[in-house]
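Note: the block below is entry-v9.cif and it holds mmCIF, C-alpha atoms and all ligand atoms.
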data_target
loop_
_atom_site.label_atom_id
_atom_site.label_comp_id
_atom_site.auth_asym_id
_atom_site.auth_seq_id
_atom_site.Cartn_x
_atom_site.Cartn_y
_atom_site.Cartn_z
CA MET E 1014 159.96 285.05 63.42
CA GLY E 1015 161.39 284.76 59.90
CA LYS E 1016 160.04 282.43 57.29
CA ILE E 1017 162.08 279.64 55.80
CA VAL E 1018 161.53 276.49 53.77
CA VAL E 1019 162.01 273.22 55.62
CA ALA E 1020 162.53 270.32 53.18
CA ILE E 1021 162.08 266.83 54.58
CA ASP E 1022 162.98 263.84 52.40
CA GLY E 1023 163.48 260.19 53.13
CA TYR E 1024 162.37 256.60 52.68
CA SER E 1025 158.76 255.44 52.60
CA GLY E 1026 157.03 255.09 55.93
CA CYS E 1027 159.62 256.63 58.21
CA GLY E 1028 157.18 259.14 59.63
CA LYS E 1029 158.01 262.11 57.42
CA SER E 1030 154.41 263.28 57.04
CA SER E 1031 153.38 263.17 60.69
CA THR E 1032 156.70 264.70 61.73
CA ALA E 1033 156.52 267.44 59.12
CA LYS E 1034 152.95 268.23 60.15
CA ALA E 1035 153.93 268.62 63.81
CA VAL E 1036 157.02 270.68 62.93
CA ALA E 1037 154.88 273.02 60.81
CA LYS E 1038 152.38 273.42 63.64
CA ASP E 1039 155.10 274.24 66.15
CA LEU E 1040 156.70 276.83 63.83
CA GLY E 1041 153.38 278.29 62.67
CA PHE E 1042 154.23 277.25 59.08
CA THR E 1043 152.10 275.58 56.40
CA TYR E 1044 152.58 271.86 55.88
CA ILE E 1045 152.55 270.53 52.33
CA ASP E 1046 152.47 266.79 51.68
CA SER E 1047 154.01 266.33 48.23
CA GLY E 1048 153.48 262.55 48.43
CA ALA E 1049 149.74 263.20 48.71
CA MET E 1050 149.94 264.90 45.31
CA TYR E 1051 151.57 261.87 43.66
CA ARG E 1052 149.00 259.68 45.42
CA ALA E 1053 146.11 261.85 44.17
CA ALA E 1054 147.51 261.74 40.62
CA THR E 1055 147.73 257.94 40.93
CA LEU E 1056 144.13 257.70 42.12
CA HIS E 1057 143.07 259.85 39.16
CA PHE E 1058 144.85 257.50 36.74
CA LEU E 1059 143.36 254.42 38.43
CA ASN E 1060 139.82 255.85 38.51
CA ASN E 1061 139.97 256.72 34.83
CA TYR E 1062 141.69 253.51 33.68
CA LEU E 1063 144.63 255.53 32.41
CA SER E 1064 148.09 254.01 32.11
CA ALA E 1065 151.07 256.06 33.28
CA SER E 1066 153.24 254.27 30.74
CA ASN E 1067 151.12 255.40 27.78
CA PRO E 1068 152.07 258.97 26.72
CA GLN E 1069 148.54 259.67 25.37
CA ASP E 1070 146.99 258.57 28.65
CA VAL E 1071 149.48 260.72 30.57
CA ALA E 1072 148.54 263.80 28.51
CA LYS E 1073 144.84 263.07 29.03
CA GLY E 1074 145.32 262.43 32.74
CA LEU E 1075 147.24 265.66 33.28
CA GLU E 1076 144.69 267.71 31.36
CA THR E 1077 141.92 266.63 33.71
CA LEU E 1078 143.95 266.59 36.93
CA ASP E 1079 143.22 269.19 39.59
CA ILE E 1080 144.84 268.69 43.00
CA SER E 1081 144.30 271.11 45.85
CA PHE E 1082 144.60 271.27 49.63
CA HIS E 1083 141.89 272.60 51.94
CA LEU E 1084 141.99 273.11 55.65
CA ASN E 1085 139.64 270.93 57.67
CA PRO E 1086 138.39 273.39 60.32
CA ASP E 1087 137.63 270.59 62.80
CA THR E 1088 141.09 269.01 62.75
CA GLY E 1089 143.19 271.97 61.58
CA ILE E 1090 144.72 269.63 58.98
CA GLN E 1091 145.15 270.36 55.27
CA GLU E 1092 143.31 267.65 53.34
CA THR E 1093 143.86 266.56 49.77
CA TYR E 1094 141.22 267.16 47.10
CA LEU E 1095 141.14 265.63 43.64
CA ASN E 1096 138.94 267.44 41.13
CA GLY E 1097 136.92 268.95 43.97
CA LEU E 1098 136.48 265.76 46.02
CA ASN E 1099 138.11 265.01 49.35
CA VAL E 1100 140.39 261.98 48.77
CA GLU E 1101 142.48 262.24 51.94
CA ASP E 1102 141.70 258.67 53.06
CA GLU E 1103 141.42 257.03 49.67
CA ILE E 1104 144.92 258.06 48.60
CA ARG E 1105 146.43 256.18 51.59
CA SER E 1106 144.86 252.82 50.61
CA MET E 1107 147.00 249.87 49.49
CA PRO E 1108 145.90 249.93 45.80
CA VAL E 1109 147.19 253.51 45.54
CA SER E 1110 150.36 252.69 47.54
CA GLN E 1111 151.06 249.81 45.16
CA LYS E 1112 150.86 251.99 42.04
CA VAL E 1113 152.15 255.39 43.16
CA SER E 1114 155.90 254.87 42.69
CA GLU E 1115 155.36 253.75 39.10
CA VAL E 1116 153.27 256.88 38.38
CA ALA E 1117 155.92 259.03 40.11
CA THR E 1118 158.60 257.89 37.64
CA VAL E 1119 156.88 259.71 34.75
CA LYS E 1120 158.72 262.90 33.79
CA GLU E 1121 155.64 264.85 32.60
CA ILE E 1122 153.73 264.08 35.78
CA ARG E 1123 156.67 265.13 37.97
CA LYS E 1124 157.10 268.35 35.99
CA GLU E 1125 153.49 269.35 36.61
CA LEU E 1126 153.49 268.49 40.31
CA VAL E 1127 156.90 270.05 41.00
CA ALA E 1128 155.69 273.32 39.40
CA GLN E 1129 152.66 273.31 41.72
CA GLN E 1130 154.86 272.52 44.74
CA LYS E 1131 157.18 275.42 43.90
CA ARG E 1132 154.18 277.76 43.70
CA LEU E 1133 152.86 276.53 47.05
CA GLY E 1134 156.20 277.24 48.72
CA LYS E 1135 156.99 280.54 47.02
CA LYS E 1136 156.15 282.69 50.03
CA LYS E 1137 158.19 280.44 52.36
CA GLY E 1138 156.99 279.55 55.84
CA VAL E 1139 156.43 275.98 54.64
CA VAL E 1140 157.43 272.51 55.67
CA MET E 1141 157.24 270.13 52.70
CA ASP E 1142 158.00 266.43 52.76
CA GLY E 1143 158.70 264.05 49.90
CA ARG E 1144 161.58 262.46 47.99
CA ASP E 1145 163.04 265.31 45.92
CA ILE E 1146 162.20 268.38 47.98
CA GLY E 1147 165.77 269.26 49.00
CA SER E 1148 167.25 268.17 45.66
CA VAL E 1149 164.78 269.44 43.04
CA VAL E 1150 161.76 271.35 44.41
CA PHE E 1151 163.62 273.62 46.85
CA PRO E 1152 167.37 273.20 46.29
CA ASP E 1153 167.83 276.49 48.19
CA ALA E 1154 165.78 275.44 51.24
CA GLU E 1155 167.26 276.90 54.42
CA LEU E 1156 166.88 273.57 56.22
CA LYS E 1157 167.03 270.12 54.63
CA VAL E 1158 166.38 266.96 56.61
CA PHE E 1159 166.81 263.38 55.43
CA MET E 1160 164.82 260.92 57.54
CA THR E 1161 165.55 257.21 57.78
CA ALA E 1162 164.43 254.27 59.94
CA ASP E 1163 164.93 250.52 59.64
CA LEU E 1164 162.42 248.63 57.48
CA GLU E 1165 160.98 246.58 60.35
CA THR E 1166 160.19 249.69 62.43
CA ARG E 1167 158.72 251.50 59.45
CA SER E 1168 156.50 248.53 58.53
CA MET E 1169 155.15 248.15 62.05
CA ARG E 1170 154.39 251.87 62.30
CA ARG E 1171 152.59 251.83 58.95
CA GLN E 1172 150.59 248.73 59.91
CA GLN E 1173 149.41 250.49 63.07
CA GLU E 1174 148.50 253.62 61.09
CA LEU E 1175 146.40 251.59 58.61
CA PHE E 1176 144.83 249.61 61.46
CA GLU E 1177 143.71 252.85 63.10
CA LYS E 1178 141.97 253.72 59.83
CA GLY E 1179 140.24 250.33 59.77
CA GLU E 1180 142.47 248.69 57.14
CA LEU E 1181 143.97 245.33 58.20
CA VAL E 1182 147.12 244.57 56.20
CA GLU E 1183 149.70 241.79 56.73
CA LEU E 1184 153.08 243.05 57.97
CA GLU E 1185 154.84 241.20 55.15
CA ASP E 1186 152.72 242.99 52.52
CA ILE E 1187 153.56 246.37 54.02
CA LYS E 1188 157.26 245.50 54.22
CA ASN E 1189 157.28 244.44 50.57
CA ASN E 1190 155.46 247.60 49.51
CA LEU E 1191 157.82 249.92 51.41
CA ALA E 1192 160.92 248.11 50.13
CA GLU E 1193 159.64 248.12 46.55
CA ARG E 1194 158.76 251.83 46.68
CA ASP E 1195 162.22 252.63 48.10
CA ARG E 1196 163.79 250.63 45.29
CA ILE E 1197 161.82 252.40 42.54
CA ASP E 1198 162.15 255.84 44.16
CA SER E 1199 165.92 255.54 44.60
CA SER E 1200 166.71 254.09 41.18
CA ARG E 1201 164.45 256.09 38.84
CA ALA E 1202 165.98 258.36 36.22
CA GLU E 1203 163.84 261.41 37.10
CA SER E 1204 164.70 263.05 40.46
CA PRO E 1205 165.64 259.89 42.35
CA LEU E 1206 165.49 259.87 46.13
CA ILE E 1207 168.95 260.92 47.33
CA LYS E 1208 170.39 262.44 50.47
CA VAL E 1209 171.80 265.77 49.34
CA PRO E 1210 175.13 266.72 50.96
CA ASP E 1211 173.63 269.66 52.89
CA ALA E 1212 170.82 267.60 54.48
CA VAL E 1213 170.89 266.67 58.16
CA GLU E 1214 170.23 262.92 58.52
CA ILE E 1215 167.92 261.80 61.31
CA ASP E 1216 167.46 258.07 61.99
CA THR E 1217 164.14 257.75 63.77
CA SER E 1218 164.34 253.97 64.49
CA ASN E 1219 165.00 254.59 68.17
CA LEU E 1220 163.55 258.07 68.58
CA THR E 1221 160.17 258.93 70.05
CA PHE E 1222 157.90 261.00 67.86
CA GLU E 1223 158.21 263.98 70.23
CA ARG E 1224 162.01 263.76 70.13
CA GLN E 1225 162.24 263.74 66.34
CA VAL E 1226 159.86 266.69 66.07
CA ALA E 1227 161.82 268.63 68.72
CA GLN E 1228 165.11 267.98 66.89
CA ILE E 1229 163.84 269.38 63.61
CA VAL E 1230 162.12 272.35 65.27
CA GLN E 1231 165.42 273.19 66.98
CA LEU E 1232 167.33 272.91 63.69
CA ALA E 1233 164.79 275.26 62.09
CA LYS E 1234 165.03 277.76 64.93
CA ASP E 1235 168.81 277.73 64.58
CA VAL E 1236 168.56 279.03 61.00
CA ILE E 1237 165.57 281.38 61.38
O1 LIG K 1301 155.29 260.33 50.93
P1 LIG K 1301 154.46 259.18 50.42
O2 LIG K 1301 154.92 257.85 50.93
O3 LIG K 1301 153.01 259.40 50.61
O4 LIG K 1301 154.73 259.20 48.85
C1 LIG K 1301 154.14 258.25 47.99
C2 LIG K 1301 155.03 258.02 46.78
O5 LIG K 1301 155.03 259.21 45.97
C3 LIG K 1301 156.50 257.73 47.04
O6 LIG K 1301 156.75 256.36 47.26
C4 LIG K 1301 157.15 258.21 45.76
O7 LIG K 1301 157.06 257.22 44.75
C5 LIG K 1301 156.28 259.38 45.33
N1 LIG K 1301 156.84 260.68 45.70
C6 LIG K 1301 157.81 261.22 44.87
N2 LIG K 1301 158.28 262.47 45.13
C7 LIG K 1301 157.84 263.18 46.18
C8 LIG K 1301 156.88 262.63 47.05
C9 LIG K 1301 156.41 261.36 46.79
O8 LIG K 1301 158.24 260.60 43.92
N3 LIG K 1301 158.30 264.42 46.37
#

Will you turn the file into structure tokens for me?
Amino acid sequence: MGKIVVAIDGYSGCGKSSTAKAVAKDLGFTYIDSGAMYRAATLHFLNNYLSASNPQDVAKGLETLDISFHLNPDTGIQETYLNGLNVEDEIRSMPVSQKVSEVATVKEIRKELVAQQKRLGKKKGVVMDGRDIGSVVFPDAELKVFMTADLETRSMRRQQELFEKGELVELEDIKNNLAERDRIDSSRAESPLIKVPDAVEIDTSNLTFERQVAQIVQLAKDVI
């Protein structure tokens, strides 16, 4: 089977990561979570009391930032490491979620992470999800998908996800966070979240997880 790049973009919390992971598994491709990289960068800034709006702090933060992915042999899942430490769970916490979109507006930070994402996908055979994958990271991706779902559905799914990890968060807080991130992500000057004309839009509000995965796998097989 040939190798292609599958780019999946869309709003916060519409199941891009879990879908992309399952699509990659089905196709035998590598899954890369670009959002995890922005989250890890955010955690790094928070841990070191660095401000993303201060150019000196940004330079300092980038100098000492090392993000990598390592396969967990027990789960078969690529986990995120920040400067050698596994931060897979920590980067999904609310304090990081509340800061990440602000950090992701910074041009220098995006430049660094996009370069790493391009390197990770150079050999193809990857499924990458994010906000600018089809528009900026892989504008030549063979398959581009734009995922959406209504805010209520997305918030309930995210609440369940956090609950399963032991974090109890009010639905209203999640809804506000998702809406605010969508607003910042779609209106920023640097690589805003957009649906590129050649992306296939999939609204997952009324789709089962299995159905949305199957749809994307089929689209990928059609172009392989
Ligand atoms: O995908 P996830 O929700 O984990 O992404 C967290 C945040 O990282 C997004 O809300 C967005 O601000 C930023 N992001 C981005 N570009 C990407 C992936 C994520 O700006 N390619």

Response to the item:
As a check of understanding: the span from atom CA of E:Pro1086 to atom CA of E:Asp1046 is 17.8 Å

Discussion item. Please identify all protein, DNA and RNA residues within 6 Å of ligand LIG 1301 (chain K), counting all atoms listed in the file, and report them as a ChimeraX atom specification.
Written reply: /E:1025,1047-1049,1051-1052,1113-1114,1117,1143-1146,1194,1198

Discussion item. Here is a test: counting all atoms listed in the file, which residue of E:Tyr1024, E:Phe1176, E:Phe1159, E:Phe1042 is nearest to E:Glu1214?
Written reply: E:Phe1159

Item to complete: Write out as an MDAnalysis selection string each polymer residue whose atoms come within 9 Å of E:Met1169, counting only C-alpha atoms; drop sequence neighbours fewer than 6 positions from it.
Response: chainID E and resid 1184 1187:1188

Take the residues from that selection and write them out as a compact mmCIF listing (two decimals), in the coordinates of the input, keeping C-alpha atoms.
# COMPACT_ATOMS: atom_id res chain seq x y z
CA LEU E 1184 153.08 243.05 57.97
CA ILE E 1187 153.56 246.37 54.02
CA LYS E 1188 157.26 245.50 54.22

Fill in: Non-local contacts of E:Met1160 (9 Å; all atoms listed in the file; under 3 positions in same chain excluded) as a list of chain:residue names
E:Ile1021, E:Asp1022, E:Gly1023, E:Tyr1024, E:Cys1027, E:Gly1028, E:Lys1029, E:Val1213, E:Glu1214, E:Ile1215, E:Asp1216, E:Thr1217

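Between atom CA of E:Ala1020 and atom CA of E:Lys1131 there is a distance of 11.9 Å.
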
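Closest approach to E:Asn1099 from the set E:Leu1181, E:Leu1126, E:Leu1056, E:Val1018 is made by E:Leu1056, with distances taken over all atoms listed in the file.
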
Worksheet item: Of the candidates E:Lys1208, E:Ser1064, E:Glu1115, E:Phe1151, which shows the shortest atom-to-atom distance to E:Arg1132, using all atoms listed in the file?
Response: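 So, comparing all the options, the nearest one is E:Phe1151.
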
Worksheet entry | Residue list as a list in words for point (161.9, 249.0, 60.7), cut-off 10 Å, all atoms listed in the file | Gly1026, Cys1027, Thr1161, Ala1162, Asp1163, Leu1164, Glu1165, Thr1166, Arg1167, Ser1168, Met1169, Arg1170, Arg1171, Lys1188, Thr1217, Ser1218 and Asn1219 of chain E

Worksheet item: Within 9 Å of (139.9, 266.4, 36.1), all atoms listed in the file: residues as a ChimeraX atom specification?
Response: /E:1057,1074-1080,1095-1097

Item to complete: Would you work out the distance separating atom CA of E:Leu1040 from atom CA of E:Gly1138, expressed in Å to one decimal?
Response: 8.4 Å

Response to the item:
One residue among E:Val1209, E:Ile1090, E:Val1127, E:Leu1220 is nearest to E:Ala1037 when using all atoms listed in the file, and that residue is E:Ile1090

Discussion item. Could you check the closest approach to E:Tyr1044 for each of E:Ala1128, E:Ala1072, E:Val1140, E:Leu1232 and tell me which residue wins, using only C-alpha atoms?
Written reply: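 The answer is E:Val1140, which sits nearest to E:Tyr1044.
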
Worksheet item: Which residue out of E:Leu1191, E:Val1158, E:Ala1033, E:Ala1054 has the minimum interatomic distance to E:Val1100 when only C-alpha atoms are used?
Response: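 Nearest candidate to E:Val1100 out of E:Leu1191, E:Val1158, E:Ala1033, E:Ala1054: E:Ala1054.
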
Discussion item. Give me the residues near E:Thr1118 as a VMD selection string, where near means some atom within 10 Å (using all atoms listed in the file) and where sequence neighbours in that chain fewer than 2 positions away do not count.
Written reply: chain E and resid 1065 to 1066 1113 to 1116 1120 to 1123 1197 to 1198 1200 to 1205

Worksheet item: Which neighbours of E:Asn1190 fall inside 9 Å, counting only C-alpha atoms, when residues of the same chain fewer than 5 positions from it are skipped, and could you give them as a PyMOL selection string?
Response: chain E and resi 1107+1110-1111+1185+1195

Axis-aligned box for stretch 1211-1227 of chain E, 6 Å per side, centre and edges in Å as JSON:
{"center_x": 165.8, "center_y": 261.8, "center_z": 61.6, "size_x": 27.7, "size_y": 27.7, "size_z": 29.3}
